[in-house]
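Trainee: Okay, handing you the structure first.
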Amino acid sequence: MALKRETTAPYHSAQDALRVLETVARHTTGITDIELARHTGLGTERLTALLRMLRREGYVEQLADGAYVSGEAFGRLGSARERDETLRVQLQRTLDRLRDSVGAAVYMSRYVDGEIHVTQCAEGPATPAVNEWVDFRSAAHASAIGKSLLGQLDLNGRRDHLSRHRMARLTSRTITNERVLLSRLDAQAPTVPVLDLQEYAIGTVCAAVPITAGSAVGCLALSLPVEHAHRLREAADTLNRGAAPVLLSLAI
């Protein structure tokens with residue numbers, strides 16, 4: 001299976017943040033923002049925003065004299081025993097912030113060994129998760145999560161998945177024609193969130209944005225009750241803008 005390579009703004013933000021983080025890590029006694037700008041080639045406004053994000057995530061800290069050093073969260077990544085748990089906790093914190101920012105349940109999903117996996121979710125009393133009435137692994141053709149993940153595969157990868165999972169009609173809006181689905185996936189711009197307008201479940205609308213780091217295929221998604229459908233596109237755009245820390249967690 002090959003990936004359909006596309007890049008988005010969050011991807012570039014994560015790559016720039018990783019460059020900043022690596023530069024800070026090389027200067028164990030601290031490095032100023034002026035020095036960082038010179039080493040990374042980033043403009044002042046761009047660098048300031050990235051440093052703000054890295055501080056919020058705990059990857060860098062600012063000393064009293066204004067210099068930057070590696071933060072506690074980055075330090076814990078050096079231990080193989082703590083690495084996976086540290087990244088899981090970091091990612092959950094990011095998802096929780098995104099949930100509060102978009103006012104919707106937020107999901108992290110991956111495509112692993114030919115199957116869809118929802119690996120983490122941030123929900124709450126006011127932002128309940130969607131009722132998984134049909135296993136997401138069998139509903140890629142109907143869900144925003146599934147369509148976002150399939151959209152990152154090449155044509156052979158998409159056909160392989162669909163050959164193993166029948167395109168069942170889950171609602172009157174579900175696409176069940178493989179040719180139509182493949183055409184829509186091919187026409188989907190990588191910078192535009194994938195939408196599910198009651199295709200998976202009546203009463204729920206969803207959106208997803210791709211999260212691809214290296215060979216990993218993933219996506220961020222959100223769900224809203226249909227009475228909040230008017231907020232879907234704005235919430236999806238907010239989710240997309242907030243995806244960089246998630247990409248960074250996958251890339252480290």
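Chain labels A, B, ... are given in the sequence in which chains occur in the structure tokens; within each chain residues are numbered consecutively from 1, and ligands are likewise numbered from 1 in the order shown.
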I'd like to know which residues of segment 56-113 of chain A are alpha helix (DSSP H) (by DSSP, run on the backbone); could you write them as a list in words?
Mentor: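 In segment 56-113 of chain A, DSSP puts these residues in alpha helix (DSSP H): Arg56, Glu72, Ala73, Phe74, Gly75, Arg76, Ala80, Arg81, Glu82, Arg83, Asp84, Glu85, Thr86, Leu87, Arg88, Val89, Gln90, Leu91, Gln92, Arg93, Thr94, Leu95, Asp96, Arg97, Leu98, Arg99, Asp100, Ser101 and Val102 of chain A.
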Trainee: Skipping near chain neighbours, those fewer than 6 positions away, what residues fall within 10 Å of segment 98-113 of chain A using only C-alpha atoms, listed as a compact mmCIF listing (two decimals) with N, CA, C and O atoms, in the first residue's frame?
Mentor:
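Result went into out_9.txt, see below:
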# COMPACT_ATOMS: atom_id res chain seq x y z
N MET A 1 0.84 -1.20 0.00
CA MET A 1 0.00 0.00 0.00
C MET A 1 0.88 1.25 0.00
O MET A 1 1.80 1.36 0.79
N LEU A 91 -0.65 13.94 23.85
CA LEU A 91 -1.68 13.97 22.83
C LEU A 91 -3.06 14.14 23.44
O LEU A 91 -3.90 14.88 22.91
N GLN A 92 -3.31 13.49 24.58
CA GLN A 92 -4.62 13.63 25.22
C GLN A 92 -4.85 15.07 25.68
O GLN A 92 -5.96 15.60 25.55
N THR A 119 -7.80 5.82 18.21
CA THR A 119 -6.84 5.56 19.28
C THR A 119 -7.08 6.39 20.53
O THR A 119 -6.76 5.95 21.63
N GLN A 120 -7.61 7.61 20.38
CA GLN A 120 -7.88 8.45 21.53
C GLN A 120 -9.08 9.35 21.24
O GLN A 120 -9.36 9.65 20.07
N CYS A 121 -9.75 9.76 22.31
CA CYS A 121 -10.93 10.60 22.16
C CYS A 121 -11.00 11.57 23.33
O CYS A 121 -10.65 11.23 24.46
N ALA A 122 -11.43 12.79 23.05
CA ALA A 122 -11.68 13.79 24.09
C ALA A 122 -13.16 14.16 24.02
O ALA A 122 -13.63 14.71 23.03
N GLU A 123 -13.89 13.78 25.04
CA GLU A 123 -15.32 14.08 25.10
C GLU A 123 -15.64 14.67 26.47
O GLU A 123 -14.77 14.81 27.32
N GLY A 124 -16.89 15.03 26.68
CA GLY A 124 -17.32 15.59 27.95
C GLY A 124 -18.83 15.65 28.01
O GLY A 124 -19.51 15.33 27.03
N PRO A 125 -19.38 16.05 29.15
CA PRO A 125 -20.84 16.11 29.30
C PRO A 125 -21.52 16.97 28.24
O PRO A 125 -22.60 16.63 27.74
N ALA A 126 -20.86 18.07 27.87
CA ALA A 126 -21.44 18.97 26.85
C ALA A 126 -21.00 18.63 25.44
O ALA A 126 -21.52 19.18 24.47
N THR A 127 -20.04 17.70 25.33
CA THR A 127 -19.51 17.31 24.02
C THR A 127 -19.42 15.78 23.95
O THR A 127 -18.33 15.22 23.92
N PRO A 128 -20.56 15.10 23.93
CA PRO A 128 -20.55 13.63 23.93
C PRO A 128 -19.99 13.05 22.64
O PRO A 128 -20.15 13.63 21.56
N ALA A 129 -19.34 11.90 22.75
CA ALA A 129 -18.83 11.20 21.58
C ALA A 129 -19.99 10.59 20.80
O ALA A 129 -21.06 10.33 21.34
N VAL A 130 -19.77 10.37 19.51
CA VAL A 130 -20.79 9.76 18.68
C VAL A 130 -21.03 8.32 19.12
O VAL A 130 -20.10 7.64 19.58
N ARG A 137 -14.45 0.39 11.84
CA ARG A 137 -13.63 -0.37 10.90
C ARG A 137 -14.43 -0.82 9.68
O ARG A 137 -13.85 -1.06 8.62
N ILE A 145 -14.06 10.13 9.46
CA ILE A 145 -12.79 9.49 9.82
C ILE A 145 -12.34 8.56 8.71
O ILE A 145 -11.21 8.62 8.23
N GLY A 146 -13.23 7.66 8.30
CA GLY A 146 -12.88 6.68 7.28
C GLY A 146 -12.51 7.32 5.96
O GLY A 146 -11.52 6.94 5.31
N SER A 148 -11.40 10.33 5.42
CA SER A 148 -10.14 11.05 5.53
C SER A 148 -8.96 10.08 5.45
O SER A 148 -7.96 10.35 4.76
N LEU A 149 -9.07 8.95 6.12
CA LEU A 149 -7.99 7.96 6.10
C LEU A 149 -7.84 7.33 4.72
O LEU A 149 -6.73 7.20 4.19
N LEU A 150 -8.96 6.94 4.11
CA LEU A 150 -8.89 6.37 2.77
C LEU A 150 -8.34 7.38 1.75
O LEU A 150 -7.63 7.00 0.82
N GLN A 152 -6.01 9.33 2.08
CA GLN A 152 -4.56 9.42 2.16
C GLN A 152 -3.86 8.21 1.54
O GLN A 152 -2.63 8.18 1.47
N LEU A 153 -4.65 7.23 1.12
CA LEU A 153 -4.09 6.05 0.47
C LEU A 153 -4.10 6.24 -1.05
O LEU A 153 -4.83 7.08 -1.57
N CYS A 206 -20.12 15.13 11.20
CA CYS A 206 -18.71 14.99 11.58
C CYS A 206 -17.81 15.66 10.55
O CYS A 206 -18.22 15.91 9.41
N ALA A 207 -16.58 15.91 10.95
CA ALA A 207 -15.56 16.44 10.04
C ALA A 207 -14.22 15.84 10.44
O ALA A 207 -14.01 15.51 11.61
N ALA A 208 -13.32 15.70 9.47
CA ALA A 208 -12.00 15.13 9.74
C ALA A 208 -10.95 15.82 8.89
O ALA A 208 -11.22 16.25 7.77
N PRO A 210 -6.66 15.42 7.73
CA PRO A 210 -5.58 14.42 7.70
C PRO A 210 -4.43 14.76 8.63
O PRO A 210 -4.08 15.93 8.82
N ILE A 211 -3.85 13.73 9.21
CA ILE A 211 -2.66 13.85 10.05
C ILE A 211 -1.69 12.78 9.57
O ILE A 211 -1.77 11.62 9.95
N THR A 212 -0.77 13.16 8.69
CA THR A 212 0.17 12.21 8.11
C THR A 212 1.59 12.61 8.48
O THR A 212 2.02 13.71 8.18
N ALA A 216 3.06 7.08 8.64
CA ALA A 216 1.85 6.95 9.45
C ALA A 216 0.69 7.70 8.79
O ALA A 216 0.84 8.84 8.37
N VAL A 217 -0.46 7.04 8.70
CA VAL A 217 -1.67 7.66 8.17
C VAL A 217 -2.63 7.86 9.32
O VAL A 217 -2.97 6.92 10.04
N GLY A 218 -3.07 9.08 9.52
CA GLY A 218 -3.99 9.36 10.63
C GLY A 218 -4.88 10.54 10.31
O GLY A 218 -4.76 11.18 9.26
N CYS A 219 -5.80 10.81 11.22
CA CYS A 219 -6.65 11.99 11.06
C CYS A 219 -7.18 12.43 12.41
O CYS A 219 -7.25 11.65 13.37
N LEU A 220 -7.52 13.70 12.47
CA LEU A 220 -8.24 14.30 13.59
C LEU A 220 -9.67 14.49 13.14
O LEU A 220 -9.92 14.89 12.00
N ALA A 221 -10.62 14.20 14.02
CA ALA A 221 -12.02 14.34 13.65
C ALA A 221 -12.81 14.94 14.79
O ALA A 221 -12.37 14.94 15.95
N LEU A 222 -13.99 15.43 14.48
CA LEU A 222 -14.91 15.94 15.50
C LEU A 222 -16.32 15.52 15.12
O LEU A 222 -16.62 15.24 13.97
N SER A 223 -17.18 15.48 16.12
CA SER A 223 -18.60 15.16 15.87
C SER A 223 -19.48 16.15 16.61
O SER A 223 -19.14 16.63 17.70
N LEU A 224 -20.64 16.45 16.00
CA LEU A 224 -21.60 17.39 16.57
C LEU A 224 -23.02 16.84 16.37
O LEU A 224 -23.30 16.18 15.36
N PRO A 225 -23.91 17.12 17.30
CA PRO A 225 -25.32 16.81 17.05
C PRO A 225 -25.79 17.61 15.85
O PRO A 225 -25.31 18.71 15.59
N HIS A 228 -26.41 21.30 15.68
CA HIS A 228 -25.26 22.22 15.66
C HIS A 228 -24.53 22.16 14.32
O HIS A 228 -23.38 22.59 14.22
N ARG A 231 -22.40 24.92 12.83
CA ARG A 231 -21.05 25.20 13.36
C ARG A 231 -19.99 24.29 12.77
O ARG A 231 -18.80 24.45 13.06
N LEU A 232 -20.40 23.33 11.94
CA LEU A 232 -19.48 22.26 11.54
C LEU A 232 -18.26 22.78 10.78
O LEU A 232 -17.12 22.43 11.11
N GLU A 234 -16.91 25.81 10.55
CA GLU A 234 -16.05 26.66 11.37
C GLU A 234 -15.27 25.81 12.37
O GLU A 234 -14.07 26.02 12.58
N ALA A 235 -15.94 24.84 13.00
CA ALA A 235 -15.27 23.96 13.95
C ALA A 235 -14.19 23.14 13.25
O ALA A 235 -13.09 22.93 13.81
N ALA A 236 -14.47 22.67 12.03
CA ALA A 236 -13.49 21.89 11.28
C ALA A 236 -12.26 22.73 10.94
O ALA A 236 -11.12 22.24 11.01
N ASP A 237 -12.48 23.99 10.59
CA ASP A 237 -11.35 24.87 10.28
C ASP A 237 -10.51 25.11 11.54
O ASP A 237 -9.27 25.14 11.47
N THR A 238 -11.17 25.27 12.68
CA THR A 238 -10.44 25.44 13.95
C THR A 238 -9.64 24.19 14.27
O THR A 238 -8.49 24.26 14.72
N LEU A 239 -10.25 23.03 14.04
CA LEU A 239 -9.56 21.76 14.27
C LEU A 239 -8.32 21.66 13.38
O LEU A 239 -7.25 21.26 13.84
N ASN A 240 -8.46 22.04 12.13
CA ASN A 240 -7.34 21.99 11.20
C ASN A 240 -6.20 22.89 11.64
O ASN A 240 -5.02 22.51 11.59
N ARG A 241 -6.55 24.09 12.09
CA ARG A 241 -5.52 25.03 12.54
C ARG A 241 -4.81 24.53 13.80
O ARG A 241 -3.65 24.86 14.04
N GLY A 242 -5.50 23.73 14.59
CA GLY A 242 -4.91 23.23 15.83
C GLY A 242 -4.24 21.89 15.71
O GLY A 242 -3.85 21.28 16.71
N ALA A 243 -4.05 21.40 14.46
CA ALA A 243 -3.53 20.05 14.25
C ALA A 243 -2.02 19.95 14.40
O ALA A 243 -1.48 18.86 14.57
N VAL A 246 -0.48 17.89 17.25
CA VAL A 246 -0.71 16.45 17.08
C VAL A 246 0.32 15.88 16.11
O VAL A 246 0.93 14.83 16.35
Trainee: Calculated over only C-alpha atoms, which of the candidates A:Leu182, A:Val60, A:Leu95, A:Ala37 has the smallest distance to Leu21 of chain A?
Mentor: A:Val60
Trainee: Have a look at A:Glu82, A:Arg169, A:Tyr68, A:Leu197 and name the one nearest to His230 of chain A; count only C-alpha atoms.
Mentor: A:Leu197
Trainee: For Asp16 of chain A, list every protein, DNA or RNA residue within 12 Å, evaluated using only C-alpha atoms, and leave out those in the same chain fewer than 6 positions away; present the list as a PyMOL selection string.
Mentor: chain A and resi 9-10+22-23+36-37+39-43+46-51+53-54+244-245+247-248+251
